[in-house]
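Student: Take a look at the following structure, please.
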Amino acid sequence: MATEACITKEAKGLGFFERYLTVWVILCILAGIVLGKLTPGVATFLDGLSINVSGAPVVSIPIAICLFFMMFPIMVKIDFAEVVKAGRSARPVGLTLFVNWVIKPFTMYAIATLFLGTLFLGFIGPDAVDLVKMPLGMHDMPVGEAYGAGKVVLVEGVKMLQVPLWRSYLAGCILLGIAPCTAMVLVWGSLARGNDGHTLVMVAINSLAMLLLYGPLGGFLLDVGRLPVPWQALLLSIGIYVALPLVAGFLVRKWIIRARGEEWFREKFLHVLTPVTIIALLITLILLFSFKGETILSNPLTILWIAIPLFIQTNLIFWMGYGLARLLKLEYRDAAPSALIGASNHFEVAIATSVMLFGLSSGAALATVVGVLIEVPVMLMLVRICLKTQNWFRLSQT
């Protein structure tokens, strides 16, 4: 029987929520814009219910709860026992890690900088600015002082960092580029008739790798992009939105399987839990777009300018992974998921981190949402490419 993604070695196709994810995102954009027009204070009020440090808002409680429930169902599906199998498939595992963590973050930075900072800068607006949260620990900076590419300003009595709008979008693209492999990636691999066992291993390994590499890579690339983020803020973000749901998911999974058995866990618990991620994601998107409605209405092509570099990046990483898999003479069943894992993004982590670091109303958060918007149609396109090019690789003899 087909079971939930990232749980066993069998995967079902896209469920109802996942199949129409692009439609839900579009509806959230419209709902958020309407909410922002009719009741502009609702999202601001919710975002303002924060945990404060030294009098400065650090974590919005309603948004943090929403983001936690977006992450937890993903993490509880991961079977970390699969990590021990990595040694059995060293070449495909090594290829996936190399593409995900050595190539992908830097190509994302380069492509986003080229398009957002040069080719599309005239459309975005060379003088357009974005207001983002003050970096953690920097609230004592005086108004007018420069910080990276931005400067401190006072908005309705609250200090904010005013940065070029294109750099805010760049930050969101960076956070997407360093967040490989989603819970949906087993679905892509299964649809491409790939090795689900290899995909399971990589889901678990990438989740652990994020704990170690997401912060350093994100901090380095954001600093290069002149949007430096204090390491304390990155650690806090990783702790809340990666480590906490990861540990909670591991413990809950272990406890339920011990108490009720793996079949009950798969067939009952996950059946109820599966829509939670999508619902929490959609609520977050509605709140986000209630802030960004004016930006989208004043420049309706904003989403297109962000989507183009993300689309190019996804295709580039796929073809690099696919090409390297052919050079390594991998079987098709290993080559397809290796390429698809690199192309897919863990957009839930990217959204959560962007909201934590830059704020729900930031251009960075908007850019990560565009990643959600294009994920399903682009990945389905790449799955079809895999199926049509199986003859490029040797087939499994088993």
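How things are named: the first chain in the structure tokens is A, the next is B, and so on; residues count from 1 in each chain; ligands count from 1 in the order shown.
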Which residues are close to segment 25-40 of chain A, i.e. within 10 Å by only C-alpha atoms, leaving aside same-chain residues fewer than 2 positions away? Reply as an NGL selection string.

Tutor: :A and (20-23 or 42-45 or 281-297 or 369-370 or 372-374)

Student: Let's see if you can do this: from backbone DSSP, list all strand (DSSP E) residues in segment 16-238 of chain A, as number ranges by chain.

Tutor: A: 50-53, 56-60, 129-132, 146-147, 150-155, 158-164

Student: Would you write out those residues with C-alpha atoms, as an mmCIF file, in the first residue's frame?

Tutor:
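After the write, out_33.cif holds the following:
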data_model
loop_
_atom_site.group_PDB
_atom_site.id
_atom_site.type_symbol
_atom_site.label_atom_id
_atom_site.label_comp_id
_atom_site.auth_asym_id
_atom_site.auth_seq_id
_atom_site.Cartn_x
_atom_site.Cartn_y
_atom_site.Cartn_z
ATOM 1 C CA SER A 50 6.035 39.339 20.131
ATOM 2 C CA ILE A 51 8.587 38.067 22.582
ATOM 3 C CA ASN A 52 10.780 41.076 23.286
ATOM 4 C CA VAL A 53 14.474 41.169 24.128
ATOM 5 C CA ALA A 56 12.818 45.021 20.921
ATOM 6 C CA PRO A 57 10.476 42.490 19.238
ATOM 7 C CA VAL A 58 12.342 39.290 18.318
ATOM 8 C CA VAL A 59 9.790 36.506 17.772
ATOM 9 C CA SER A 60 6.163 37.066 16.793
ATOM 10 C CA VAL A 129 13.404 50.438 -0.565
ATOM 11 C CA ASP A 130 12.117 47.865 1.884
ATOM 12 C CA LEU A 131 11.694 48.094 5.641
ATOM 13 C CA VAL A 132 12.939 45.001 7.489
ATOM 14 C CA ALA A 146 24.400 52.628 8.163
ATOM 15 C CA TYR A 147 24.315 48.857 8.514
ATOM 16 C CA GLY A 150 20.803 49.760 4.688
ATOM 17 C CA LYS A 151 20.342 52.419 7.327
ATOM 18 C CA VAL A 152 18.389 52.674 10.542
ATOM 19 C CA VAL A 153 15.112 54.615 10.302
ATOM 20 C CA LEU A 154 12.263 55.297 12.706
ATOM 21 C CA VAL A 155 8.816 54.149 11.563
ATOM 22 C CA VAL A 158 9.840 51.615 15.918
ATOM 23 C CA LYS A 159 13.372 51.291 14.580
ATOM 24 C CA MET A 160 13.567 49.515 11.235
ATOM 25 C CA LEU A 161 16.333 48.861 8.749
ATOM 26 C CA GLN A 162 15.730 50.489 5.371
ATOM 27 C CA VAL A 163 17.397 48.473 2.602
ATOM 28 C CA PRO A 164 17.249 48.472 -1.215
#

Student: For Pro126 of chain A, list every protein, DNA or RNA residue within 10 Å, evaluated using only C-alpha atoms, and leave out those in the same chain fewer than 3 positions away; present the list as a compact mmCIF listing (two decimals) with C-alpha atoms, in the first residue's frame.

Tutor:
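So result24.txt came out as:
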# COMPACT_ATOMS: atom_id res chain seq x y z
CA GLY A 117 20.45 43.61 -9.09
CA THR A 118 21.17 44.25 -12.78
CA PHE A 120 15.53 43.66 -13.62
CA LEU A 121 16.69 46.54 -11.43
CA GLY A 122 14.97 49.09 -13.65
CA PHE A 123 11.66 47.26 -13.31
CA VAL A 129 13.40 50.44 -0.57
CA PRO A 164 17.25 48.47 -1.21
CA LEU A 165 14.21 46.44 -2.24
CA TRP A 166 16.14 44.25 -4.67

Student: Restricting the calculation to only C-alpha atoms, which member of A:Trp24, A:Tyr109, A:Tyr169, A:Phe98 is positioned closest to Asn206 of chain A?

Tutor: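 The answer is A:Phe98, which sits nearest to Asn206 of chain A.
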
Student: Give me the residues near Arg260 of chain A as a short mmCIF file (atom, residue, chain, number, x, y, z; two decimals) with N, CA and C atoms, in the first residue's frame, where near means some atom within 10 Å (using only C-alpha atoms) and where sequence neighbours in that chain fewer than 5 positions away do not count.

Tutor:
data_model
loop_
_atom_site.label_atom_id
_atom_site.label_comp_id
_atom_site.auth_asym_id
_atom_site.auth_seq_id
_atom_site.Cartn_x
_atom_site.Cartn_y
_atom_site.Cartn_z
N TRP A 255 7.86 7.87 20.03
CA TRP A 255 6.89 7.55 21.08
C TRP A 255 5.62 6.91 20.51
N PHE A 265 0.77 4.64 13.09
CA PHE A 265 1.45 5.92 12.86
C PHE A 265 1.26 6.36 11.41
N PHE A 269 -2.21 8.48 12.21
CA PHE A 269 -1.63 9.74 12.68
C PHE A 269 -1.25 10.65 11.51
#

Student: Per DSSP on the backbone, filter segment 20-264 of chain A down to the residues in alpha helix (DSSP H) and report them as a ChimeraX atom specification.

Tutor: /A:21-38,40-48,61-76,90-98,104-114,121-124,165-177,185-191,196-224,231-238,244-260,262-264
